[in-house]
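Read through the structure below, which is laid out as structure tokens, and then see the notes.
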Amino acid sequence: MNWYAIQLECLLAILAVVVLLTDAFRPVRDARRIGLILSALVGLTLLYSFTMQPLGEAVFQGMYRLDTLALFFKRLFLLATAFVLLMSAEFVERIEAGRVEFYVLLLLCATGMLVLASANDFILMFVALELVTICFFVLTSYLRRQVPSLEAGTKYLILGALSSGLTVYGIAYLLGITGTANFEKLRAVLTEAPVGEATGLWFGMVLVLAGLGFKIASVPFQVWAPDVYQGAPTPVTAMLAVGSKAAGFVLLMRVLMTGLLPLEPVWGPVVLGLAGASLVYGNLGALPQRDIKRLLGYSSIGHAGYVLMGVAAVNALGVAAVLFYHGQYAFTTLCAFLAIVAVTRVTGRDDIASFAGLHRRAPILGLALFLAMMSLAGVPPLSGFFGKFQLFAAVIDRAQMDARYYWLAGIGAAAVVVSLYFYLNVGRAIYMQSSDRTDAIPVSWPVRVGLWICMGAMIGLGVYQRPLVDAALQAARVFGLE
Amino acid sequence: METLLFIAVMLPLGAAFVGFLVPASRPQWMRALALAATGVSLALTLVLFWQFDRQEAGYQFVFDLPWVPALNLSLKFGVDGISMTLLLLVSIVSFCGVLISHEIHERQKEYYILFLALTTGISGTFCTMDLFFFYFFYELAVIPMYLLIGVWGSLPPGRHGRTREYATMKLTLYLTAGAVLALVGLLTLYYAGGRTFDMVELMANLRLSEDRQWWVFACLLFGFGFLASLFPFHTWSPLGYAAAPTAASMMHAGVLKKLGAYGIIRLALPLMPEGARAWMDLLAVLCIFNILYAGWAALTQRDWKFVIGYSSVSHMGYVLLGIATLNVIGVSGAVLLMFAHGVMAALTFSLIGWFYHQAHTRDVFELRGLARQMPFIGTCMVMAAMASSGLPGFANFASELMVFLGAWQQGSTVFRIATVCAVWGIVVTATYLLWAVRSSFFGPLDERWKALSDARLAGHRLPYVLLIVVLLVVGFWPRTLTDIIQPTVKHAILREPVAMAQVDQR
């Protein structure tokens with residue numbers, strides 16, 4: 001057993017079990033405090049992960065990779081988990097029963113994501129994917145007396161189960177035809193064999209793509225996103241937006257750029273089309289939304305489109321852009337959801353109108369939410385700008401050889417303008433509209449600290465991009481693309 | 001010297017960050033900080049202007065700091081004749097903008113922070129030599145503008161039937177639409193120039209086939225055209241100015257708008273000469289619309305700010321016409337006009353701010369006989385109107401003359417027609433401005449306006465005097481600026497080989 005490679009996963013799993021057992025024998029009274037402690041512990045794990053070094057070879061019979069890419073995403077998931085736990089601590093009073101189990105499920109979900117970041121084999125990938133998805137089935141419907149939450153849970157369950165079924169069916173096809181589930185061996189087999197002959201291969205590939213498309217909420221597997229984002233408890237929404245999505249993308253890249261790279265002429269145009277369609281659907285769909293979580297649901301479809309631009313480019317810059325984008329998107333989205341949790345705790349409403357005059361009621365929440373929206377829209381000096389800039393650069397790099405990619409860049413450019421409108425609408429509510437309620441919204445110190453970290457990261461990464469760019473480029477080398 | 005340039009550009013942004021620490025209960029500290037930052041920045045710019053080598057066509061005071069080496073980005077500043085002129089403009093207008101902002105009483109801390117960020121956004125765009133930072137600084141200016149208009153602006157109800165929230169949203173979306181269009185072009189240049197954003201390297205390495213030049217040039221021309229309020233992408237502009245607070249109107253009409261024309265001159269012309277030749281006839285035709293259509297629209301307005309807003313769209317037509325000539329005198333005239341119009345627009349908007357702040361109306365017909373109550377403001381407004389109509393003695397005259405000469409010299413029929421229309425445009429300008437000044441400032445004084453007061457304190461008069469003095473100095477002695485503009489235009493923009501005569505002169 002190579003414990004070094006799976007130590008982070010083990011730490012999280014042990015943490016989850018310990019919390020569960022503690023609660024069973026000595027029921028926890030102050031769930032909020034437990035949440036804050038867990039958040040701090042996961043934060044420490046994140047710091048610890050920076051001492052780890054990548055392993056050159058795949059371990060566990062080639063199923064598991066601890067390369068720079070895996071480490072990059074593991075850190076990202078740990079970061080997201082720490083913040084989501086912090087958010088949950090603020091949120092937990094709104095949960096009727098099973099408060100501690102809420103944390104435990106989040107921790108298990110995070111464990112699954114950490115494994116996913118390293119998966120180098122279809123079988124391991126599927127098992128880890130199921131761990132994540134099943135945790136989310138429970139988490140999305142956690143507010144069991146609220147109809148929207150139940151609706152979210154049901155939708156996620158049905159579509160999630162369907163997509164899992166599709167994925168496993170596709171895996172079976174690929175495994176049956178090529179005789180291997182390992183990504184690298186698959187690549188070797190495909191490179192040797194003539195590609196055009198096996199229709200079943202394409203079929204299997206499309207099914208696997210469908211399953212991953214569900215995770216990242218890209219068109220045509222996007223319909224669940226707005227409903228689930230709106231109905232699920234806000235910390236769970238944040239986990240879906242940051243963790244689950246990034247996990248989907250790391251898998252997508254591993255599958256496409258390691259295992260199925262020889263089939264690039266086949267899937268390249270498909271990803272290109274999906275990126276364009278997601279950009280259009282997500283950004284146009286967000287225009288008429290009145291509920292901020294639903295708006296973010298549509299916007300997350302749009303962001304899946306942006307990130308797919310980087311995947312579609314199939315070059316080192318594109319992969320690095322995807323990584324940078326996820327790195328900064330985590331801070332931005334967590335900042336937004338943290339502020340939303342703090343506001344809705346008092347107002348109890350999610351509609352954008354209820355954020356009117358927020359800058360007077362709680363200046364820090366107003367500023368944080370506004371900056372997060374501007375970063376999502378891609379405005380400098382915030383980090384979202386540089387993320388989009390790199391994605392566009394990657395696509396136009398590819399367009400130098402294939403002019404079709406200019407169309408994608410054009411759609412992306414139009415989407416930026418459209419998205420600015422609905423993000424600014426949130427800003428307009430915060431700064432330009434006034435509400436009849438002027439009582440101050442209290443902000444607890446852990447939330448304050450979290451918001452300052454996120455805002456600092458958004459501005460820091462937006463102005464001084466170099467550390468994250470270098471890390472992303474280094475991790476992108478895993479695929480050996482140009 | 002290099003560091004001086006860096007400080008002159010970044011000081012306002014630095015002050016904006018320091019501003020976060022100023023307690024909100026001490027707005028006067030914040031104002032003093034803003035005044036100091038823009039004042040020092042202006043002083044440094046004047047020092048740089050003094051030290052500027054007038055014989056040299058290339059970049060001077062180059063400041064270079066590698067930023068993201070993996071992507072070949074560097075924070076690189078440098079000025080040549082064109083950017084020096086425009087940096088001077090930003091410094092003057094931003095300093096006057098802070099001076100004029102004494103009328104702001106609400107949420108002053110945030111106001112000055114945003115204003116300072118806006119200033120660096122604009123001056124950074126003018127001075128950077130790196131395409132990435134060109135885009136970065138430009139976009140940096142957009143959001144402060146959105147908030148400045150949305151929070152501190154005011155838009156009296158009128159025929160337009162719009163709110164200031166609508167106006168600011170429209171402005172932001174238009175400017176961003178232009179920016180992303182230009183971004184696609186800029187990134188293509190990055191790859192075609194061997195993966196570099198450095199303008200000097202691009203100038204040397206860029207290889208673009210003719211049909212590529214054609215559409216990349218179009219991306220930049222129309223992308224920046226949005227910003228320069230090129231017809232038919234100008235509709236955001238009068239509405240945005242009308243809704244903006246005084247200082248934001250000054251900054252926007254005075255300098256931010258010039259970024260569009262600057263982008264075309266700095267990037268599109270020298271990098272894609274073939275593309276430029278292909279598009280210039282169309283640009284000249286659009287300029288005719290800019291000049292005459294916007295001038296005609298200004299004639300029908302009742303709101304002072306709309307009059308000046310359309311007037312500025314009309315003037316951008318002259319600037320773009322100067323660019324379209326593609327000869328030294330025309331393009332130099334365009335640059336000089338950018339300066340002259342910037343100062344003039346800032347002056348006019350600041351004067352409107354003075355009486356609007358007291359009278360709470362900007363209606364040309366409602367206001368009557370103001371000159372009796374406020375002789376100083378009245379005199380300044382008459383001078384601004386004369387400058388705007390291109391009377392000799394003001395900087396606008398010299399620059400418009402250069403544009404006309406350039407356009408006529410260009411020789412083709414389209415340009416001959418455009419020149420005639422442009423000269424006719426001067427008449428239109430004079431008509432609406434003199435009419436507006438006469439209605440509001442002369443005639444019998446209305447009882448309602450008895451309570452209005454003139455600018456009497458030296459501090460209140462200073463910005464107006466400063467702006468008028470600049471207009472007159474450049475008007476009487478345009479060589480202060482044309483001497484540095486022309487060599488740059490000749491060698492760096494139109495890239496004419498250095499003639500023997502030039503070498504002899506040195």
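Numbering starts fresh at 1 for the residues of each chain in the structure tokens, the chains themselves are lettered A, B, ... in the order given, and ligands are numbered from 1 as they appear.
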- Task: Quick one: everything within 8 Å of A:Val236, counting only C-alpha atoms, minus sequence neighbours fewer than 3 positions away in the same chain. Send it as a list in words.
- Result: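 Non-adjacent residues within range: Val84, Phe136, Leu139, Thr140, Ala232, Pro233, Met239 and Leu240 of chain A.
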At most 9 Å is the cut-off: for each residue in chain A with any atom that close to an atom of chain B, write down the nearest atom pair and the distance in Å rounded to one decimal, counting only C-alpha atoms, chain first then increasing number, as JSON lines.
```
{"residue": "A:Met374", "atom": "CA", "partner": "B:Ile143", "partner_atom": "CA", "distance": 8.6}
{"residue": "A:Val379", "atom": "CA", "partner": "B:Glu139", "partner_atom": "CA", "distance": 6.6}
{"residue": "A:Pro380", "atom": "CA", "partner": "B:Leu140", "partner_atom": "CA", "distance": 5.3}
{"residue": "A:Pro381", "atom": "CA", "partner": "B:Leu140", "partner_atom": "CA", "distance": 6.3}
{"residue": "A:Phe385", "atom": "CA", "partner": "B:Phe136", "partner_atom": "CA", "distance": 8.6}
{"residue": "A:Phe386", "atom": "CA", "partner": "B:Phe136", "partner_atom": "CA", "distance": 9.0}
{"residue": "A:Phe389", "atom": "CA", "partner": "B:Leu183", "partner_atom": "CA", "distance": 8.8}
{"residue": "A:Phe392", "atom": "CA", "partner": "B:Val184", "partner_atom": "CA", "distance": 7.8}
{"residue": "A:Ala393", "atom": "CA", "partner": "B:Leu187", "partner_atom": "CA", "distance": 6.1}
{"residue": "A:Ile396", "atom": "CA", "partner": "B:Thr188", "partner_atom": "CA", "distance": 6.6}
{"residue": "A:Asp397", "atom": "CA", "partner": "B:Tyr191", "partner_atom": "CA", "distance": 6.6}
{"residue": "A:Ala399", "atom": "CA", "partner": "B:Thr188", "partner_atom": "CA", "distance": 8.8}
{"residue": "A:Gln400", "atom": "CA", "partner": "B:Tyr191", "partner_atom": "CA", "distance": 7.7}
{"residue": "A:Tyr406", "atom": "CA", "partner": "B:Val184", "partner_atom": "CA", "distance": 8.4}
{"residue": "A:Ala409", "atom": "CA", "partner": "B:Val184", "partner_atom": "CA", "distance": 7.2}
{"residue": "A:Gly410", "atom": "CA", "partner": "B:Val184", "partner_atom": "CA", "distance": 7.7}
{"residue": "A:Ala413", "atom": "CA", "partner": "B:Val180", "partner_atom": "CA", "distance": 5.5}
{"residue": "A:Ala414", "atom": "CA", "partner": "B:Ala177", "partner_atom": "CA", "distance": 7.3}
{"residue": "A:Val416", "atom": "CA", "partner": "B:Val180", "partner_atom": "CA", "distance": 7.8}
{"residue": "A:Val417", "atom": "CA", "partner": "B:Ala177", "partner_atom": "CA", "distance": 5.7}
{"residue": "A:Val418", "atom": "CA", "partner": "B:Leu173", "partner_atom": "CA", "distance": 8.0}
{"residue": "A:Leu420", "atom": "CA", "partner": "B:Leu173", "partner_atom": "CA", "distance": 7.1}
{"residue": "A:Tyr421", "atom": "CA", "partner": "B:Leu173", "partner_atom": "CA", "distance": 7.0}
{"residue": "A:Leu424", "atom": "CA", "partner": "B:Met169", "partner_atom": "CA", "distance": 7.8}
{"residue": "A:Asn425", "atom": "CA", "partner": "B:Met169", "partner_atom": "CA", "distance": 8.7}
{"residue": "A:Gly427", "atom": "CA", "partner": "B:Leu147", "partner_atom": "CA", "distance": 9.0}
{"residue": "A:Arg428", "atom": "CA", "partner": "B:Glu165", "partner_atom": "CA", "distance": 7.8}
{"residue": "A:Tyr431", "atom": "CA", "partner": "B:Val151", "partner_atom": "CA", "distance": 6.9}
{"residue": "A:Met432", "atom": "CA", "partner": "B:Val151", "partner_atom": "CA", "distance": 5.6}
{"residue": "A:Tyr464", "atom": "CA", "partner": "B:Trp67", "partner_atom": "CA", "distance": 7.6}
{"residue": "A:Gln465", "atom": "CA", "partner": "B:Val68", "partner_atom": "CA", "distance": 7.0}
{"residue": "A:Arg466", "atom": "CA", "partner": "B:Val68", "partner_atom": "CA", "distance": 5.1}
{"residue": "A:Pro467", "atom": "CA", "partner": "B:Val68", "partner_atom": "CA", "distance": 8.7}
{"residue": "A:Val469", "atom": "CA", "partner": "B:Val68", "partner_atom": "CA", "distance": 7.7}
{"residue": "A:Asp470", "atom": "CA", "partner": "B:Ala70", "partner_atom": "CA", "distance": 7.0}
{"residue": "A:Leu473", "atom": "CA", "partner": "B:Ala70", "partner_atom": "CA", "distance": 8.2}
```
Those selected residues, please, written with C-alpha atoms and delivered as a compact mmCIF listing (two decimals), in the first residue's frame.
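Produced file part_25.txt, reproduced below:
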```
# COMPACT_ATOMS: atom_id res chain seq x y z
CA MET A 374 -17.61 41.62 -11.04
CA VAL A 379 -13.68 42.77 -14.89
CA PRO A 380 -10.17 43.80 -13.87
CA PRO A 381 -8.52 44.12 -11.44
CA PHE A 385 -10.70 38.83 -15.75
CA PHE A 386 -7.38 37.09 -16.07
CA PHE A 389 -8.28 36.40 -20.73
CA PHE A 392 -9.62 33.51 -24.89
CA ALA A 393 -5.89 33.48 -25.53
CA ILE A 396 -7.33 32.16 -30.36
CA ASP A 397 -4.04 30.27 -30.25
CA ALA A 399 -7.74 29.49 -34.10
CA GLN A 400 -4.46 30.29 -35.78
CA TYR A 406 -12.77 32.19 -34.03
CA ALA A 409 -14.10 33.22 -29.37
CA GLY A 410 -16.81 35.42 -30.87
CA ALA A 413 -16.98 37.64 -26.36
CA ALA A 414 -20.70 38.21 -26.83
CA VAL A 416 -19.11 38.40 -21.67
CA VAL A 417 -21.18 41.43 -22.60
CA VAL A 418 -24.48 39.70 -21.90
CA LEU A 420 -22.10 41.79 -17.51
CA TYR A 421 -25.72 42.90 -17.64
CA LEU A 424 -24.34 44.41 -12.82
CA ASN A 425 -28.02 44.08 -11.96
CA GLY A 427 -24.52 45.37 -8.19
CA ARG A 428 -27.28 47.82 -8.96
CA TYR A 431 -25.43 50.07 -4.44
CA MET A 432 -28.12 52.01 -6.24
CA TYR A 464 -0.41 39.58 -9.47
CA GLN A 465 -1.32 36.50 -11.47
CA ARG A 466 2.12 34.97 -11.63
CA PRO A 467 2.04 32.41 -8.76
CA VAL A 469 -0.23 30.97 -13.59
CA ASP A 470 3.08 29.25 -12.92
CA LEU A 473 1.30 25.80 -16.30
```
- Task: Mind listing the alpha helix (DSSP H) residues of stretch 311-482 of chain B, per DSSP on the backbone, as an MDAnalysis selection string?
- Result: chainID B and resid 311:325 328:359 370:373 375:388 395:410 413:441 458:476 479:482
- Message: Applying 12 Å and only C-alpha atoms, which residues near B:Val465 remain after dropping the ones on its own chain fewer than 6 positions away? List them as JSON, numbers by chain.
- Response: {"B": [92, 96, 99, 343, 344, 347, 350, 351, 376, 377, 379, 380, 381, 383, 384, 455, 458, 459, 471, 472, 473]}
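Taking only C-alpha atoms, the non-local environment of stretch 289-299 of chain A within 6 Å (same-chain residues fewer than 3 positions away omitted) comprises A:Ala225, A:Pro226, A:Tyr229, A:Gln230, A:Gly282, A:Ala286, A:Gly302, A:Asp350, A:Asp351, A:Ile352.
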Write out, as a compact mmCIF listing (two decimals), in the first residue's frame, the residues just selected, with N, CA and C atoms.
```txt
# COMPACT_ATOMS: atom_id res chain seq x y z
N ALA A 225 -29.33 22.19 -13.35
CA ALA A 225 -28.53 23.16 -12.58
C ALA A 225 -29.35 24.27 -11.94
N PRO A 226 -30.18 25.02 -12.69
CA PRO A 226 -30.87 26.13 -12.03
C PRO A 226 -31.77 25.69 -10.88
N TYR A 229 -29.56 24.38 -7.93
CA TYR A 229 -28.85 25.49 -7.29
C TYR A 229 -29.79 26.30 -6.42
N GLN A 230 -31.02 26.49 -6.92
CA GLN A 230 -31.97 27.31 -6.19
C GLN A 230 -32.48 26.59 -4.95
N GLY A 282 -26.44 29.37 -20.96
CA GLY A 282 -26.26 29.85 -19.59
C GLY A 282 -26.44 31.35 -19.49
N ALA A 286 -29.74 33.32 -17.86
CA ALA A 286 -29.60 34.07 -16.61
C ALA A 286 -30.25 35.44 -16.68
N GLY A 302 -23.05 28.89 -17.87
CA GLY A 302 -22.22 29.76 -18.71
C GLY A 302 -20.74 29.57 -18.44
N ASP A 350 -34.14 34.88 -1.05
CA ASP A 350 -33.06 34.72 -2.02
C ASP A 350 -33.20 35.64 -3.23
N ASP A 351 -34.33 36.39 -3.32
CA ASP A 351 -34.51 37.16 -4.55
C ASP A 351 -33.59 38.38 -4.54
N ILE A 352 -33.20 38.80 -5.75
CA ILE A 352 -32.21 39.87 -5.88
C ILE A 352 -32.72 41.15 -5.24
```
- Computed gap from atom CA of A:Ala320 to atom CA of A:Ala472 is 4.8 Å
- Please identify all polymer residues within 10 Å of B:Pro156, counting only C-alpha atoms, omitting same-chain residues fewer than 2 positions from it, and present them as a VMD selection string. chain B and resid 154 158 to 164 242 to 243 303 360 to 363
Save the residues we just selected, C-alpha atoms, as a PDB file, in the first residue's frame?
```
ATOM      1  CA  SER B 154     -28.482  62.527 -11.913  1.00  0.00           C
ATOM      2  CA  GLY B 158     -36.972  64.400 -20.340  1.00  0.00           C
ATOM      3  CA  ARG B 159     -37.978  63.215 -23.762  1.00  0.00           C
ATOM      4  CA  HIS B 160     -35.428  60.428 -23.533  1.00  0.00           C
ATOM      5  CA  GLY B 161     -37.575  58.792 -20.837  1.00  0.00           C
ATOM      6  CA  ARG B 162     -34.598  57.062 -19.230  1.00  0.00           C
ATOM      7  CA  THR B 163     -33.212  56.735 -15.743  1.00  0.00           C
ATOM      8  CA  ARG B 164     -29.605  57.134 -14.763  1.00  0.00           C
ATOM      9  CA  ALA B 242     -26.059  63.580 -19.079  1.00  0.00           C
ATOM     10  CA  ALA B 243     -26.460  61.129 -16.210  1.00  0.00           C
ATOM     11  CA  ASP B 303     -30.747  69.738 -21.708  1.00  0.00           C
ATOM     12  CA  HIS B 360     -31.138  71.939 -10.211  1.00  0.00           C
ATOM     13  CA  THR B 361     -32.037  72.330 -13.842  1.00  0.00           C
ATOM     14  CA  ARG B 362     -30.017  72.220 -17.022  1.00  0.00           C
ATOM     15  CA  ASP B 363     -32.840  73.197 -19.300  1.00  0.00           C
TER      16      ASP B 363
END
```
- Write out as a list in words the residues lying within 8 Å of A:Val426, counting only C-alpha atoms and excluding same-chain residues fewer than 4 positions away. Ile352, Phe355, Phe370, Met373, Phe422 and Ile430 of chain A
Requested write-out: C-alpha atoms of the selected residues, as a PDB file, in the first residue's frame:
```pdb
ATOM      1  CA  ILE A 352     -32.208  39.866  -5.875  1.00  0.00           C
ATOM      2  CA  PHE A 355     -30.338  42.650  -1.589  1.00  0.00           C
ATOM      3  CA  PHE A 370     -20.317  43.097  -5.671  1.00  0.00           C
ATOM      4  CA  MET A 373     -20.159  39.445  -9.273  1.00  0.00           C
ATOM      5  CA  PHE A 422     -27.101  40.431 -15.136  1.00  0.00           C
ATOM      6  CA  ILE A 430     -26.635  46.536  -3.750  1.00  0.00           C
TER       7      ILE A 430
END
```
- Task: Please indicate the distance in Å from atom CA of B:Phe115 to atom CA of B:His234, rounded to one decimal place.
- Result: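 Atom CA of B:His234 lies at a distance of 23.5 Å from atom CA of B:Phe115.
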- Message: Set the distance at 12 Å and use only C-alpha atoms: which residues neighbour B:Cys421 once local chain neighbours fewer than 4 positions away are removed? I'd like the list as a PyMOL selection string.
- Response: chain B and resi 284-293+295+314+317-318+321+404+407-408+414-417+425-428
- Gap from atom CA of A:Phe221 to atom CA of A:Ile301 - Å, one decimal: 9.7 Å
